[in-house]
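Peer 1: Sharing final14.tsv (TSV, N, CA and C atoms) below.
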chain	number	residue	atom	x	y	z
A	1	MET	N	0.85	-1.20	0.00
A	1	MET	CA	0.00	0.00	0.00
A	1	MET	C	0.88	1.25	0.00
A	2	ILE	N	0.62	2.12	-0.93
A	2	ILE	CA	1.47	3.29	-1.11
A	2	ILE	C	1.37	4.22	0.11
A	3	TYR	N	2.50	4.78	0.50
A	3	TYR	CA	2.64	5.73	1.63
A	3	TYR	C	2.38	5.10	2.99
A	4	SER	N	2.23	3.79	3.07
A	4	SER	CA	1.91	3.19	4.36
A	4	SER	C	3.07	3.29	5.35
A	5	LYS	N	4.28	3.56	4.83
A	5	LYS	CA	5.43	3.66	5.73
A	5	LYS	C	5.60	5.05	6.31
A	6	MET	N	4.72	5.98	5.97
A	6	MET	CA	4.86	7.35	6.49
A	6	MET	C	4.72	7.39	8.01
A	7	TRP	N	3.98	6.42	8.57
A	7	TRP	CA	3.76	6.42	10.02
A	7	TRP	C	4.97	5.91	10.78
A	8	LEU	N	6.01	5.51	10.03
A	8	LEU	CA	7.28	5.18	10.67
A	8	LEU	C	8.05	6.44	11.05
A	9	VAL	N	7.75	7.54	10.38
A	9	VAL	CA	8.48	8.79	10.64
A	9	VAL	C	7.56	9.92	11.10
A	10	VAL	N	6.25	9.76	10.89
A	10	VAL	CA	5.27	10.75	11.37
A	10	VAL	C	4.47	10.09	12.48
A	11	LYS	N	4.46	10.70	13.65
A	11	LYS	CA	3.71	10.09	14.75
A	11	LYS	C	2.21	10.11	14.42
A	12	PRO	N	1.53	8.99	14.51
A	12	PRO	CA	0.09	8.97	14.22
A	12	PRO	C	-0.71	9.90	15.14
A	13	SER	N	-0.22	10.09	16.36
A	13	SER	CA	-0.94	10.97	17.29
A	13	SER	C	-0.88	12.42	16.83
A	14	VAL	N	0.02	12.73	15.93
A	14	VAL	CA	0.10	14.07	15.35
A	14	VAL	C	-0.50	14.07	13.94
A	15	GLY	N	-0.09	13.12	13.13
A	15	GLY	CA	-0.46	13.11	11.73
A	15	GLY	C	-1.94	12.90	11.49
A	16	ILE	N	-2.57	12.02	12.26
A	16	ILE	CA	-3.99	11.74	12.02
A	16	ILE	C	-4.87	12.93	12.42
A	17	PRO	N	-4.66	13.57	13.60
A	17	PRO	CA	-5.45	14.78	13.88
A	17	PRO	C	-5.22	15.90	12.86
A	18	VAL	N	-3.98	16.05	12.38
A	18	VAL	CA	-3.71	17.06	11.34
A	18	VAL	C	-4.50	16.74	10.08
A	19	PHE	N	-4.52	15.48	9.69
A	19	PHE	CA	-5.25	15.05	8.50
A	19	PHE	C	-6.75	15.30	8.66
A	20	ILE	N	-7.30	14.91	9.80
A	20	ILE	CA	-8.73	15.10	10.03
A	20	ILE	C	-9.07	16.58	10.11
A	21	ALA	N	-8.20	17.37	10.78
A	21	ALA	CA	-8.44	18.82	10.88
A	21	ALA	C	-8.39	19.47	9.51
A	22	ALA	N	-7.48	19.03	8.66
A	22	ALA	CA	-7.38	19.60	7.31
A	22	ALA	C	-8.66	19.33	6.53
A	23	VAL	N	-9.18	18.12	6.63
A	23	VAL	CA	-10.43	17.78	5.95
A	23	VAL	C	-11.58	18.62	6.50
A	24	ALA	N	-11.64	18.74	7.83
A	24	ALA	CA	-12.74	19.48	8.46
A	24	ALA	C	-12.70	20.96	8.09
A	25	ILE	N	-11.50	21.56	8.13
A	25	ILE	CA	-11.38	22.99	7.81
A	25	ILE	C	-11.71	23.24	6.35
A	26	ALA	N	-11.21	22.38	5.46
A	26	ALA	CA	-11.49	22.55	4.04
A	26	ALA	C	-12.99	22.42	3.77
A	27	SER	N	-13.61	21.41	4.38
A	27	SER	CA	-15.04	21.20	4.18
A	27	SER	C	-15.85	22.38	4.72
A	28	PHE	N	-15.50	22.83	5.93
A	28	PHE	CA	-16.22	23.96	6.52
A	28	PHE	C	-16.06	25.20	5.66
A	29	SER	N	-14.86	25.44	5.13
A	29	SER	CA	-14.61	26.62	4.30
A	29	SER	C	-15.46	26.60	3.04
A	30	VAL	N	-15.55	25.44	2.40
A	30	VAL	CA	-16.33	25.34	1.17
A	30	VAL	C	-17.81	25.60	1.46
A	31	HIS	N	-18.33	25.01	2.54
A	31	HIS	CA	-19.76	25.19	2.85
A	31	HIS	C	-20.05	26.61	3.32
A	32	LEU	N	-19.11	27.22	4.05
A	32	LEU	CA	-19.29	28.62	4.46
A	32	LEU	C	-19.31	29.54	3.24
A	33	ALA	N	-18.38	29.29	2.32
A	33	ALA	CA	-18.34	30.09	1.09
A	33	ALA	C	-19.63	29.92	0.29
A	34	LEU	N	-20.16	28.70	0.29
A	34	LEU	CA	-21.42	28.44	-0.44
A	34	LEU	C	-22.57	29.24	0.18
A	35	THR	N	-22.64	29.25	1.50
A	35	THR	CA	-23.75	29.97	2.14
A	35	THR	C	-23.59	31.48	2.02
A	36	LEU	N	-22.34	31.97	1.99
A	36	LEU	CA	-22.12	33.42	1.95
A	36	LEU	C	-22.23	33.98	0.55
A	37	ASN	N	-22.02	33.17	-0.46
A	37	ASN	CA	-21.96	33.68	-1.83
A	37	ASN	C	-23.14	33.27	-2.70
A	38	THR	N	-24.14	32.63	-2.11
A	38	THR	CA	-25.34	32.31	-2.88
A	38	THR	C	-26.55	32.87	-2.14
A	39	THR	N	-27.65	32.95	-2.84
A	39	THR	CA	-28.86	33.52	-2.25
A	39	THR	C	-29.90	32.46	-1.90
A	40	TRP	N	-29.75	31.28	-2.46
A	40	TRP	CA	-30.81	30.29	-2.32
A	40	TRP	C	-30.76	29.52	-1.00
A	41	VAL	N	-29.61	29.52	-0.33
A	41	VAL	CA	-29.49	28.71	0.90
A	41	VAL	C	-30.45	29.22	1.96
A	42	LYS	N	-30.49	30.54	2.15
A	42	LYS	CA	-31.33	31.12	3.19
A	42	LYS	C	-32.81	30.84	2.91
A	43	SER	N	-33.22	31.04	1.68
A	43	SER	CA	-34.63	30.78	1.37
A	43	SER	C	-34.95	29.30	1.44
A	44	PHE	N	-33.98	28.48	1.09
A	44	PHE	CA	-34.20	27.03	1.18
A	44	PHE	C	-34.38	26.59	2.63
A	45	LEU	N	-33.54	27.14	3.52
A	45	LEU	CA	-33.65	26.79	4.93
A	45	LEU	C	-34.91	27.38	5.56
A	46	ASN	N	-35.45	28.44	4.95
A	46	ASN	CA	-36.70	29.02	5.42
A	46	ASN	C	-37.91	28.31	4.80
A	47	GLY	N	-37.66	27.26	4.05
A	47	GLY	CA	-38.76	26.59	3.35
A	47	GLY	C	-39.05	27.29	2.05
A	48	GLY	N	-38.02	27.74	1.42
A	48	GLY	CA	-38.16	28.54	0.21
A	48	GLY	C	-38.17	27.75	-1.07
A	49	ALA	N	-38.50	26.46	-1.00
A	49	ALA	CA	-38.50	25.66	-2.23
A	49	ALA	C	-39.49	26.19	-3.24
A	50	LYS	N	-40.64	26.70	-2.73
A	50	LYS	CA	-41.64	27.25	-3.64
A	50	LYS	C	-41.11	28.48	-4.36
A	51	VAL	N	-40.30	29.28	-3.64
A	51	VAL	CA	-39.72	30.48	-4.26
A	51	VAL	C	-38.82	30.09	-5.42
A	52	VAL	N	-38.02	29.05	-5.17
A	52	VAL	CA	-37.12	28.60	-6.22
A	52	VAL	C	-37.91	28.04	-7.38
A	53	ALA	N	-38.96	27.27	-7.04
A	53	ALA	CA	-39.75	26.66	-8.10
A	53	ALA	C	-40.46	27.71	-8.95
A	54	THR	N	-40.87	28.82	-8.32
A	54	THR	CA	-41.62	29.82	-9.06
A	54	THR	C	-40.72	30.91	-9.63
A	55	ALA	N	-39.44	30.85	-9.32
A	55	ALA	CA	-38.55	31.90	-9.79
A	55	ALA	C	-38.54	32.03	-11.31
A	56	PRO	N	-38.44	30.93	-12.08
A	56	PRO	CA	-38.48	31.08	-13.54
A	56	PRO	C	-39.82	31.66	-14.00
A	57	ALA	N	-40.90	31.26	-13.33
A	57	ALA	CA	-42.21	31.79	-13.72
A	57	ALA	C	-42.28	33.30	-13.45
A	58	ASP	N	-41.73	33.70	-12.29
A	58	ASP	CA	-41.71	35.12	-11.97
A	58	ASP	C	-40.90	35.90	-13.00
A	59	ALA	N	-39.77	35.31	-13.36
A	59	ALA	CA	-38.91	35.98	-14.33
A	59	ALA	C	-39.64	36.11	-15.67
A	60	ALA	N	-40.38	35.07	-16.04
A	60	ALA	CA	-41.12	35.11	-17.30
A	60	ALA	C	-42.27	36.12	-17.22
A	61	ALA	N	-42.90	36.21	-16.04
A	61	ALA	CA	-44.02	37.14	-15.87
A	61	ALA	C	-43.56	38.58	-15.93
A	62	LYS	N	-42.38	38.81	-15.45
A	62	LYS	CA	-41.86	40.19	-15.44
A	62	LYS	C	-41.53	40.67	-16.85
A	63	LYS	N	-41.28	39.72	-17.76
A	63	LYS	CA	-40.86	40.14	-19.12
A	63	LYS	C	-42.02	40.69	-19.94
B	1	MET	N	30.62	-14.13	9.27
B	1	MET	CA	29.67	-14.08	8.14
B	1	MET	C	28.25	-13.87	8.66
B	2	ARG	N	27.92	-14.62	9.69
B	2	ARG	CA	26.58	-14.50	10.24
B	2	ARG	C	26.36	-13.11	10.85
B	3	ALA	N	27.40	-12.60	11.51
B	3	ALA	CA	27.31	-11.26	12.10
B	3	ALA	C	27.05	-10.22	11.02
B	4	VAL	N	27.71	-10.37	9.89
B	4	VAL	CA	27.51	-9.44	8.78
B	4	VAL	C	26.07	-9.53	8.28
B	5	HIS	N	25.58	-10.74	8.21
B	5	HIS	CA	24.21	-10.94	7.72
B	5	HIS	C	23.20	-10.27	8.67
B	6	VAL	N	23.40	-10.47	9.97
B	6	VAL	CA	22.50	-9.86	10.95
B	6	VAL	C	22.60	-8.35	10.88
B	7	PHE	N	23.82	-7.84	10.73
B	7	PHE	CA	24.01	-6.39	10.65
B	7	PHE	C	23.27	-5.82	9.45
B	8	CYS	N	23.44	-6.51	8.31
B	8	CYS	CA	22.76	-6.04	7.10
B	8	CYS	C	21.25	-6.13	7.25
B	9	LYS	N	20.79	-7.16	7.92
B	9	LYS	CA	19.35	-7.34	8.08
B	9	LYS	C	18.76	-6.20	8.92
B	10	GLU	N	19.52	-5.78	9.92
B	10	GLU	CA	19.02	-4.69	10.76
B	10	GLU	C	18.92	-3.37	10.01
B	11	LYS	N	19.76	-3.26	8.98
B	11	LYS	CA	19.80	-2.02	8.23
B	11	LYS	C	18.75	-1.95	7.12
B	12	THR	N	18.12	-3.08	6.82
B	12	THR	CA	17.21	-3.08	5.69
B	12	THR	C	15.83	-2.61	6.12
B	13	MET	N	15.09	-2.06	5.13
B	13	MET	CA	13.74	-1.55	5.36
B	13	MET	C	12.76	-2.69	5.60
B	14	SER	N	13.15	-3.91	5.14
B	14	SER	CA	12.20	-5.01	5.20
B	14	SER	C	12.17	-5.69	6.57
B	15	ASP	N	12.97	-5.20	7.52
B	15	ASP	CA	12.98	-5.81	8.84
B	15	ASP	C	11.69	-5.45	9.56
B	16	GLN	N	10.84	-6.45	9.76
B	16	GLN	CA	9.51	-6.19	10.32
B	16	GLN	C	9.56	-5.85	11.80
B	17	ASP	N	10.67	-6.22	12.47
B	17	ASP	CA	10.73	-6.02	13.92
B	17	ASP	C	11.41	-4.71	14.32
B	18	LYS	N	11.94	-3.99	13.36
B	18	LYS	CA	12.63	-2.74	13.70
B	18	LYS	C	11.61	-1.71	14.22
B	19	VAL	N	11.96	-1.09	15.33
B	19	VAL	CA	11.10	-0.05	15.88
B	19	VAL	C	11.62	1.31	15.41
B	20	TRP	N	10.78	2.03	14.72
B	20	TRP	CA	11.15	3.30	14.10
B	20	TRP	C	10.96	4.45	15.09
B	21	PRO	N	11.41	5.66	14.74
B	21	PRO	CA	11.35	6.78	15.69
B	21	PRO	C	9.95	7.05	16.26
B	22	THR	N	8.92	6.70	15.53
B	22	THR	CA	7.57	6.93	16.06
B	22	THR	C	7.14	5.82	17.02
B	23	GLY	N	7.99	4.82	17.21
B	23	GLY	CA	7.67	3.73	18.12
B	23	GLY	C	6.90	2.62	17.46
B	24	LEU	N	6.77	2.66	16.13
B	24	LEU	CA	6.00	1.65	15.42
B	24	LEU	C	6.91	0.77	14.59
B	25	THR	N	6.45	-0.44	14.34
B	25	THR	CA	7.11	-1.30	13.36
B	25	THR	C	6.43	-1.09	12.02
B	26	GLN	N	7.05	-1.67	10.99
B	26	GLN	CA	6.48	-1.50	9.65
B	26	GLN	C	5.08	-2.11	9.55
B	27	ALA	N	4.89	-3.25	10.19
B	27	ALA	CA	3.58	-3.90	10.15
B	27	ALA	C	2.52	-3.04	10.84
B	28	GLU	N	2.90	-2.41	11.97
B	28	GLU	CA	1.95	-1.54	12.68
B	28	GLU	C	1.63	-0.31	11.85
B	29	SER	N	2.67	0.24	11.19
B	29	SER	CA	2.45	1.40	10.34
B	29	SER	C	1.48	1.07	9.21
B	30	GLU	N	1.67	-0.10	8.60
B	30	GLU	CA	0.78	-0.49	7.51
B	30	GLU	C	-0.64	-0.74	8.01
B	31	GLU	N	-0.76	-1.26	9.23
B	31	GLU	CA	-2.11	-1.48	9.79
B	31	GLU	C	-2.81	-0.15	10.02
B	32	ILE	N	-2.10	0.83	10.59
B	32	ILE	CA	-2.69	2.15	10.80
B	32	ILE	C	-3.12	2.76	9.47
B	33	HIS	N	-2.25	2.65	8.47
B	33	HIS	CA	-2.56	3.24	7.17
B	33	HIS	C	-3.76	2.56	6.52
B	34	ARG	N	-3.83	1.24	6.68
B	34	ARG	CA	-4.97	0.50	6.12
B	34	ARG	C	-6.28	0.98	6.74
B	35	ASN	N	-6.28	1.16	8.06
B	35	ASN	CA	-7.50	1.63	8.74
B	35	ASN	C	-7.82	3.07	8.37
B	36	LEU	N	-6.79	3.90	8.21
B	36	LEU	CA	-7.02	5.29	7.82
B	36	LEU	C	-7.63	5.37	6.42
B	37	ILE	N	-7.10	4.55	5.51
B	37	ILE	CA	-7.64	4.52	4.15
B	37	ILE	C	-9.09	4.05	4.17
B	38	GLN	N	-9.39	3.01	4.96
B	38	GLN	CA	-10.75	2.50	5.04
B	38	GLN	C	-11.70	3.55	5.60
B	39	GLY	N	-11.24	4.25	6.65
B	39	GLY	CA	-12.06	5.31	7.22
B	39	GLY	C	-12.32	6.42	6.23
B	40	THR	N	-11.29	6.76	5.47
B	40	THR	CA	-11.44	7.81	4.45
B	40	THR	C	-12.43	7.37	3.37
B	41	GLN	N	-12.37	6.10	2.99
B	41	GLN	CA	-13.30	5.60	1.97
B	41	GLN	C	-14.74	5.62	2.48
B	42	ILE	N	-14.95	5.21	3.73
B	42	ILE	CA	-16.31	5.23	4.29
B	42	ILE	C	-16.81	6.67	4.39
B	43	PHE	N	-15.95	7.58	4.88
B	43	PHE	CA	-16.31	9.00	4.96
B	43	PHE	C	-16.67	9.52	3.56
B	44	GLY	N	-15.86	9.15	2.58
B	44	GLY	CA	-16.11	9.61	1.22
B	44	GLY	C	-17.43	9.11	0.67
B	45	MET	N	-17.76	7.86	0.96
B	45	MET	CA	-19.03	7.31	0.46
B	45	MET	C	-20.22	8.01	1.13
B	46	ILE	N	-20.12	8.24	2.45
B	46	ILE	CA	-21.21	8.95	3.14
B	46	ILE	C	-21.33	10.37	2.60
B	47	ALA	N	-20.20	11.03	2.37
B	47	ALA	CA	-20.22	12.39	1.85
B	47	ALA	C	-20.82	12.43	0.44
B	48	ALA	N	-20.45	11.46	-0.38
B	48	ALA	CA	-21.01	11.40	-1.74
B	48	ALA	C	-22.52	11.20	-1.69
B	49	PHE	N	-22.99	10.35	-0.80
B	49	PHE	CA	-24.43	10.10	-0.65
B	49	PHE	C	-25.13	11.37	-0.16
B	50	ALA	N	-24.50	12.07	0.80
B	50	ALA	CA	-25.09	13.32	1.30
B	50	ALA	C	-25.18	14.36	0.18
B	51	HIS	N	-24.14	14.43	-0.66
B	51	HIS	CA	-24.18	15.39	-1.76
B	51	HIS	C	-25.23	15.01	-2.80
B	52	LEU	N	-25.43	13.71	-2.98
B	52	LEU	CA	-26.48	13.26	-3.90
B	52	LEU	C	-27.85	13.71	-3.38
B	53	LEU	N	-28.09	13.51	-2.08
B	53	LEU	CA	-29.36	13.96	-1.49
B	53	LEU	C	-29.51	15.48	-1.60
B	54	ALA	N	-28.41	16.21	-1.35
B	54	ALA	CA	-28.46	17.67	-1.45
B	54	ALA	C	-28.77	18.10	-2.89
B	55	PHE	N	-28.19	17.40	-3.85
B	55	PHE	CA	-28.44	17.75	-5.25
B	55	PHE	C	-29.89	17.48	-5.64
B	56	ILE	N	-30.44	16.39	-5.10
B	56	ILE	CA	-31.82	16.03	-5.47
B	56	ILE	C	-32.83	16.95	-4.78
B	57	TYR	N	-32.63	17.18	-3.48
B	57	TYR	CA	-33.67	17.82	-2.68
B	57	TYR	C	-33.43	19.30	-2.37
B	58	SER	N	-32.35	19.90	-2.88
B	58	SER	CA	-32.14	21.33	-2.66
B	58	SER	C	-31.92	22.01	-4.02
B	59	PRO	N	-31.99	23.33	-4.04
B	59	PRO	CA	-31.78	24.04	-5.32
B	59	PRO	C	-30.32	24.08	-5.76
B	60	TRP	N	-29.45	23.44	-5.04
B	60	TRP	CA	-28.03	23.45	-5.36
B	60	TRP	C	-27.79	22.98	-6.80
B	61	LEU	N	-27.06	23.79	-7.57
B	61	LEU	CA	-26.67	23.52	-8.96
B	61	LEU	C	-27.87	23.50	-9.92
B	62	LYS	N	-28.98	24.08	-9.50
B	62	LYS	CA	-30.14	24.12	-10.41
B	62	LYS	C	-30.40	25.53	-10.88
Spit out the file's structure as structure tokens when you get a sec.
Peer 2:
Amino acid sequence: MIYSKMWLVVKPSVGIPVFIAAVAIASFSVHLALTLNTTWVKSFLNGGAKVVATAPADAAAKK
Amino acid sequence: MRAVHVFCKEKTMSDQDKVWPTGLTQAESEEIHRNLIQGTQIFGMIAAFAHLLAFIYSPWLK
């Protein structure tokens, strides 16, 4: 298995928390950016599915 | 001759009983890595399933 010998030189008590923290921070950053840079998350969490569903109709009605 | 053989054996990477600076042997290191890979794969599958549900039931990417 590739890289399996890394734990001979990296202490697992250090390397595994660093690995998990890196995944957690990266994941949190992506989801935070998604919520801050889009408009649909807030309406979706407010039960805004109908708003999204009617958005194209509203856009067509305005034309 | 035997002493030379033992000396060389201690120096090789394939010695399963050698304790490395982290306190692990090669077999223990491979066991940890195997479990870490398995955990990552399970996490990845759950994450992929969660993203599938998010794609189906939320306005994400629509």
Peer 1: Specify as a ChimeraX atom specification all residues of chain B found within 6 Å of chain A, counting all atoms listed in the file.
Peer 2: /B:20-22,24,29-30,33
Peer 1: Report, as AutoDock Vina command-line options, the axis-aligned box around all atoms of segment 30-49 of chain B present in the file, extended by 5 Å on each side; give centre and edge lengths in Å to one decimal place.
Peer 2:
--center_x -11.7 --center_y 5.5 --center_z 4.5 --size_x 36.8 --size_y 23.9 --size_z 22.5
Peer 1: By how many Å are atom CA of Ser58 of chain B and atom CA of Gln38 of chain B apart?
Peer 2: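 Taking atom CA of Ser58 of chain B as the start and atom CA of Gln38 of chain B as the end point, the length is 29.5 Å.
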Peer 1: For atom CA of Thr39 of chain A and atom CA of Lys62 of chain B, quote the distance in Å rounded to one decimal.
Peer 2: 12.5 Å
Peer 1: By how many Å are atom C of Phe49 of chain B and atom C of Ile32 of chain B apart?
Peer 2: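 Taking atom C of Phe49 of chain B as the start and atom C of Ile32 of chain B as the end point, the length is 25.5 Å.
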Peer 1: How would segment 23-47 of chain A of the given structure read as a file with N, CA and C atoms, as a CSV table (one decimal), in the first residue's frame?
Peer 2:
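New file result_9.csv:
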chain,number,residue,atom,x,y,z
A,23,VAL,N,-9.2,18.1,6.6
A,23,VAL,CA,-10.4,17.8,5.9
A,23,VAL,C,-11.6,18.6,6.5
A,24,ALA,N,-11.6,18.7,7.8
A,24,ALA,CA,-12.7,19.5,8.5
A,24,ALA,C,-12.7,21.0,8.1
A,25,ILE,N,-11.5,21.6,8.1
A,25,ILE,CA,-11.4,23.0,7.8
A,25,ILE,C,-11.7,23.2,6.3
A,26,ALA,N,-11.2,22.4,5.5
A,26,ALA,CA,-11.5,22.5,4.0
A,26,ALA,C,-13.0,22.4,3.8
A,27,SER,N,-13.6,21.4,4.4
A,27,SER,CA,-15.0,21.2,4.2
A,27,SER,C,-15.9,22.4,4.7
A,28,PHE,N,-15.5,22.8,5.9
A,28,PHE,CA,-16.2,24.0,6.5
A,28,PHE,C,-16.1,25.2,5.7
A,29,SER,N,-14.9,25.4,5.1
A,29,SER,CA,-14.6,26.6,4.3
A,29,SER,C,-15.5,26.6,3.0
A,30,VAL,N,-15.5,25.4,2.4
A,30,VAL,CA,-16.3,25.3,1.2
A,30,VAL,C,-17.8,25.6,1.5
A,31,HIS,N,-18.3,25.0,2.5
A,31,HIS,CA,-19.8,25.2,2.8
A,31,HIS,C,-20.0,26.6,3.3
A,32,LEU,N,-19.1,27.2,4.0
A,32,LEU,CA,-19.3,28.6,4.5
A,32,LEU,C,-19.3,29.5,3.2
A,33,ALA,N,-18.4,29.3,2.3
A,33,ALA,CA,-18.3,30.1,1.1
A,33,ALA,C,-19.6,29.9,0.3
A,34,LEU,N,-20.2,28.7,0.3
A,34,LEU,CA,-21.4,28.4,-0.4
A,34,LEU,C,-22.6,29.2,0.2
A,35,THR,N,-22.6,29.3,1.5
A,35,THR,CA,-23.7,30.0,2.1
A,35,THR,C,-23.6,31.5,2.0
A,36,LEU,N,-22.3,32.0,2.0
A,36,LEU,CA,-22.1,33.4,2.0
A,36,LEU,C,-22.2,34.0,0.6
A,37,ASN,N,-22.0,33.2,-0.5
A,37,ASN,CA,-22.0,33.7,-1.8
A,37,ASN,C,-23.1,33.3,-2.7
A,38,THR,N,-24.1,32.6,-2.1
A,38,THR,CA,-25.3,32.3,-2.9
A,38,THR,C,-26.6,32.9,-2.1
A,39,THR,N,-27.7,32.9,-2.8
A,39,THR,CA,-28.9,33.5,-2.3
A,39,THR,C,-29.9,32.5,-1.9
A,40,TRP,N,-29.8,31.3,-2.5
A,40,TRP,CA,-30.8,30.3,-2.3
A,40,TRP,C,-30.8,29.5,-1.0
A,41,VAL,N,-29.6,29.5,-0.3
A,41,VAL,CA,-29.5,28.7,0.9
A,41,VAL,C,-30.5,29.2,2.0
A,42,LYS,N,-30.5,30.5,2.1
A,42,LYS,CA,-31.3,31.1,3.2
A,42,LYS,C,-32.8,30.8,2.9
A,43,SER,N,-33.2,31.0,1.7
A,43,SER,CA,-34.6,30.8,1.4
A,43,SER,C,-35.0,29.3,1.4
A,44,PHE,N,-34.0,28.5,1.1
A,44,PHE,CA,-34.2,27.0,1.2
A,44,PHE,C,-34.4,26.6,2.6
A,45,LEU,N,-33.5,27.1,3.5
A,45,LEU,CA,-33.6,26.8,4.9
A,45,LEU,C,-34.9,27.4,5.6
A,46,ASN,N,-35.5,28.4,5.0
A,46,ASN,CA,-36.7,29.0,5.4
A,46,ASN,C,-37.9,28.3,4.8
A,47,GLY,N,-37.7,27.3,4.1
A,47,GLY,CA,-38.8,26.6,3.4
A,47,GLY,C,-39.1,27.3,2.1
